[in-house]
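Asks: The following block contains the structure, expressed as structure tokens.
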Protein chains: 2
Amino acid sequence: MSDLLKKFLSGDRLALSRMITLVENQSDQLPAIMSEIHQHLGKAYYVGVTGPPGAGKSTLVNRLIAQGRALGKKVGVIAIDPSSPFSGGALLGDRIRMQDHASDEGVFIRSLGSRGAHGGVSRATRDVVRLMDAFGMDWVLIETVGVGQTELDIMEIAHTTVVVLTPESGDTIQTMKAGLLEVADVFVVNKADREGADKILHELKAMLEMSHAEGWEVPVLKTQAFQNVGVKELAETLEAHRRYLNVSTKLQEKLLALREAELEEVLQESFRQWLKGEIPRRPEAEALRQQVLSGAISAYEGASRLFPLLQGPPAKR
Amino acid sequence: MSDLLKKFLSGDRLALSRMITLVENQSDQLPAIMSEIHQHLGKAYYVGVTGPPGAGKSTLVNRLIAQGRALGKKVGVIAIDPSSPFSGGALLGDRIRMQDHASDEGVFIRSLGSRGAHGGVSRATRDVVRLMDAFGMDWVLIETVGVGQTELDIMEIAHTTVVVLTPESGDTIQTMKAGLLEVADVFVVNKADREGADKILHELKAMLEMSHAEGWEVPVLKTQAFQNVGVKELAETLEAHRRYLNVSTKLQEKLLALREAELEEVLQESFRQWLKGEIPRRPEAEALRQQVLSGAISAYEGASRLFPLLQGPPAKR
């Protein structure tokens with residue numbers, strides 16, 4: 001076991017921080033790290049918080065941290081920020097807003113960039129969630145900015161997904177179009193003191209009734225995160241969903257699908273890395289690659305001729 | 001050459017429609033189809049239209065169709081709709097709104113679902129864009145609903161990307177966070193008669209000045225798509241960007257990166273398909289897969305032990 005891992009397991013926050021950086025940079029040590037912490041997983045409760053930009057997700061997460069701390073929970077937070085085109089790094093906004101908890105040893109907050117390799121964000125997020133779990137956090141809150149397929153993919157690891165909307169979020173059709181209805185275990189109408197809150201609340205309820213979901217009945221809560229209104233009720237609802245998951249088979253099914261997808265993903269990544277070395281070693285394969293790059297043939301044609309070339313015994317290293 | 005392809009090349013709209021369905025369903029015939037149409041590519045101009053939900057993108061696309069038709073252009077439109085949880089298919093909203101052009105032979109509109117296999121949407125979109133190009137469309141407009149990594153990936157095929165915002169789109173920080181600044185070749189502030197239009201216009205311009213992009217100076221236009229105001233100017237701006245691309249090296253660089261990524265993607269897909277048959281044929285590999293599924297070992301550990309097993313000569317078929 002590496003020194004870093006020993007420090008991590010003894011509760012060293014700096015070691016956690018370093019290991020997250022290794023995940024972000026897709027370090028070569030990643031497979032070893034994730035395999036070693038694997039046995040320490042399964043204690044934390046993973047909560048996703050998503051919704052359109054400007055819904056007040058960061059404020060709500062901030063309030064949930066305080067709520068968790070009041071209950072004696074250790075809370076990890078992962079905020080997924082698209083990188084800024086200016087800095088090349090994550091914007092500091094959410095981190096700054098969350099600095100209320102900066103000096104609390106029971107809270108660990110980290111921003112992750114959302115751009116980069118395809119599928120890279122959801123994989124990195126999952127691994128960081130697990131690092132926080134193995135580190136001993138009781139709650140891991142995952143905040144994703146914006147809506148889209150990537151955000152929905154990220155939410156696959158969450159036990160409970162909270163979708164935050166506001167009276168300004170537009171009509172419920174837009175919510176459906178964004179695929180949010182399917183991922184929501186709990187809906188929150190934030191900024192509920194604004195005009196239109198009851199309208200969106202009723203629309204969401206009507207939409208949920210139409211969807212005839214079985215088992216868990218998705219609740220629609222009203223909050224005013226800024227004024228700390230409705231946050232306690234949200235925390236109670238999260239606990240209720242957690243209890244529901246413990247008695248239903250849903251979580252088990254979700255885990256099975258997630259593990260299958262992850263195995264495939266990591267194998268694909270191994271293949272991708274292997275390819276980079278393998279194509280240049282095989283002149284026939286490299287020639288096909290060049291034909292694709294020049295536009296002479298389609299990627300499909302290139303791949304269908306290239307793939308069989310790779311299936312022989314690999315070239316000597 | 002298949003009958004379907006012959007009909008397609010002779011301008012049969014039903015054949016185009018069927019071929020798009022083959023792309024959507026990731027048919028086995030896809031590699032052959034895309035390879036055969038490859039030689040007919042390169043005539044159309046691909047324009048992406050993206051932005052947050054509710055910005056009026058569909059209305060703007062609708063106006064651009066009319067603008068293109070007035071110029072004698074044949075126009076293909078691909079609207080990417082997240083699938084509805086009710087129907088399992090795409091919502092009909094955008095198609096309905098676009099039915100102004102339903103009887104025009106010079107217009108072909110198709111909605112694609114945005115959910116499904118990872119990376120599946122952007123690949124399918126690219127292929128449908130190419131089908132429309134090979135079919136003889138002069139403009140191919142690609143409308144993506146929402147913002148997120150997937151939407152940004154989809155835009156990689158566009159020659160010109162139009163980002164549509166409204167005075168209600170929230171502050172420019174949100175725009176930056178969503179990664180829209182980097183993909184925009186043209187900004188449009190739609191619903192420009194509403195309060196705050198000039199504010200967002202100036203903020204965008206200030207932001208663009210700060211970003212010091214070289215070459216093309218990203219314009220910020222005002223439109224009122226519903227009232228058909230500013231659409232002609234937008235069409236002229238699109239043509240100006242197209243002319244810019246013809247004299248710069250930017251398009252060539254973009255194509256090279258796109259082709260490299262596509263080759264890798266198709267090879268990965270071949271590997272994924274191959275895996276499905278290969279793992280069950282190798283008892284040692286299958287045992288590792290089961291250990292991952294049960295949670296006994298991490299996906300990383302499973303993959304790192306499984307991948308080398310696959311590298312020997314493939315099992316006899």
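Residue numbering restarts at 1 in every chain; chains get A, B, ... in the order shown in the structure tokens, and ligands count up from 1 in that same order.
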Would you mind listing what lies within 10 Å of Glu36 (chain B) as a PyMOL selection string, with only C-alpha atoms counted and same-chain residues fewer than 2 positions away left out?
Replies: (chain A and resi 297-298+301) or (chain B and resi 1-2+5+30-34+38-40+134)
Asks: Now that the selection is made, can you save its residues with C-alpha atoms as a PDB file, in the first residue's frame?
Replies:
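In the end it all went to part-v8.pdb:
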ATOM      1  CA  ILE A 297     -12.197   7.363 -47.061  1.00  0.00           C
ATOM      2  CA  SER A 298     -14.843   7.535 -44.351  1.00  0.00           C
ATOM      3  CA  GLU A 301     -14.495   2.356 -43.957  1.00  0.00           C
TER       4      GLU A 301
ATOM      5  CA  MET B   1     -24.902  -0.544 -54.626  1.00  0.00           C
ATOM      6  CA  SER B   2     -28.163  -1.242 -52.826  1.00  0.00           C
ATOM      7  CA  LEU B   5     -28.817   3.927 -52.028  1.00  0.00           C
ATOM      8  CA  LEU B  30     -24.384   1.887 -41.424  1.00  0.00           C
ATOM      9  CA  PRO B  31     -20.664   1.485 -42.197  1.00  0.00           C
ATOM     10  CA  ALA B  32     -21.450   0.464 -45.787  1.00  0.00           C
ATOM     11  CA  ILE B  33     -23.911   3.336 -46.257  1.00  0.00           C
ATOM     12  CA  MET B  34     -21.604   5.988 -44.855  1.00  0.00           C
ATOM     13  CA  HIS B  38     -18.604   9.537 -48.641  1.00  0.00           C
ATOM     14  CA  GLN B  39     -17.719  10.604 -52.176  1.00  0.00           C
ATOM     15  CA  HIS B  40     -20.851  12.770 -52.402  1.00  0.00           C
ATOM     16  CA  ALA B 134     -24.929  13.774 -49.908  1.00  0.00           C
TER      17      ALA B 134
END
Asks: Which residues are close to Val163 (chain A), i.e. within 10 Å by only C-alpha atoms, leaving aside same-chain residues fewer than 6 positions away? Reply as a list in words.
Replies: Gly48, Val49, Thr50, Gly51, Pro52, Ala55, Lys57, Thr175, Leu180, Leu181, Val183, Ala184, Asp185, Val186, Phe187, Val188, Val189, Asn190 and Val220 of chain A
Asks: Any chance you can output those residues with C-alpha atoms as a PDB file, in the first residue's frame?
Replies:
ATOM      1  CA  GLY A  48     -27.197  14.393  -6.863  1.00  0.00           C
ATOM      2  CA  VAL A  49     -28.452  17.965  -7.199  1.00  0.00           C
ATOM      3  CA  THR A  50     -29.115  19.099 -10.747  1.00  0.00           C
ATOM      4  CA  GLY A  51     -31.264  21.490 -12.768  1.00  0.00           C
ATOM      5  CA  PRO A  52     -30.948  24.407 -15.148  1.00  0.00           C
ATOM      6  CA  ALA A  55     -31.859  27.576 -10.199  1.00  0.00           C
ATOM      7  CA  LYS A  57     -28.396  24.727  -6.743  1.00  0.00           C
ATOM      8  CA  THR A 175     -38.233  20.030 -18.143  1.00  0.00           C
ATOM      9  CA  LEU A 180     -35.149  15.652 -15.998  1.00  0.00           C
ATOM     10  CA  LEU A 181     -38.411  13.879 -15.263  1.00  0.00           C
ATOM     11  CA  VAL A 183     -33.872  11.157 -13.291  1.00  0.00           C
ATOM     12  CA  ALA A 184     -35.739  13.008 -10.549  1.00  0.00           C
ATOM     13  CA  ASP A 185     -36.336  11.199  -7.274  1.00  0.00           C
ATOM     14  CA  VAL A 186     -37.273  14.509  -5.691  1.00  0.00           C
ATOM     15  CA  PHE A 187     -38.334  17.767  -7.356  1.00  0.00           C
ATOM     16  CA  VAL A 188     -37.598  21.062  -5.651  1.00  0.00           C
ATOM     17  CA  VAL A 189     -39.181  24.326  -6.727  1.00  0.00           C
ATOM     18  CA  ASN A 190     -36.651  26.795  -5.365  1.00  0.00           C
ATOM     19  CA  VAL A 220     -42.430  18.082  -5.224  1.00  0.00           C
TER      20      VAL A 220
END
Asks: Which residues are near region 272-276 of chain A? Cut-off 8 Å, only C-alpha atoms, ignore same chain within fewer than 4 positions. Put them as a PDB file with N, CA and C atoms, in the first residue's frame.
Replies:
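Output (out.pdb):
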ATOM      1  N   GLN A 268     -12.803  -0.163 -22.647  1.00  0.00           N
ATOM      2  CA  GLN A 268     -12.706   0.673 -23.841  1.00  0.00           C
ATOM      3  C   GLN A 268     -11.523   1.623 -23.740  1.00  0.00           C
ATOM      4  N   PRO A 280       0.582   2.870 -35.004  1.00  0.00           N
ATOM      5  CA  PRO A 280       1.853   3.239 -35.643  1.00  0.00           C
ATOM      6  C   PRO A 280       2.800   2.053 -35.849  1.00  0.00           C
TER       7      PRO A 280
ATOM      8  N   GLU B 264     -11.335   6.897 -34.095  1.00  0.00           N
ATOM      9  CA  GLU B 264     -11.173   6.305 -32.771  1.00  0.00           C
ATOM     10  C   GLU B 264     -12.516   5.805 -32.239  1.00  0.00           C
ATOM     11  N   GLN B 268     -13.558   2.048 -31.396  1.00  0.00           N
ATOM     12  CA  GLN B 268     -14.004   1.716 -30.042  1.00  0.00           C
ATOM     13  C   GLN B 268     -15.323   0.951 -30.084  1.00  0.00           C
TER      14      GLN B 268
END
Asks: Taking only C-alpha atoms into account, which of A:Ser169, A:Asn246, A:Gln252, A:Ser111 comes nearest Gly295 (chain B)?
Replies: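 The answer is A:Gln252, which sits nearest to Gly295 (chain B).
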Asks: Name the closest residue to Glu217 (chain A) among the candidates A:Ser27, A:Ile65, A:Thr237, A:Asp138; distances are taken between atoms, counting only C-alpha atoms.
Replies: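 Among the listed residues, the smallest separation from Glu217 (chain A) belongs to A:Thr237.
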Asks: Pick the closest to Ala287 (chain A) from A:Leu234, A:Leu306, A:Ala261, A:Leu9: which is it, counting only C-alpha atoms?
Replies: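 Among the listed residues, the smallest separation from Ala287 (chain A) belongs to A:Leu306.
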Asks: So which one's closest to chain B, A:Gln291, A:Thr223, A:Ser17, A:Ser211? Using only C-alpha atoms, please.
Replies: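 Ranked by minimum distance to chain B, first place goes to A:Ser211.
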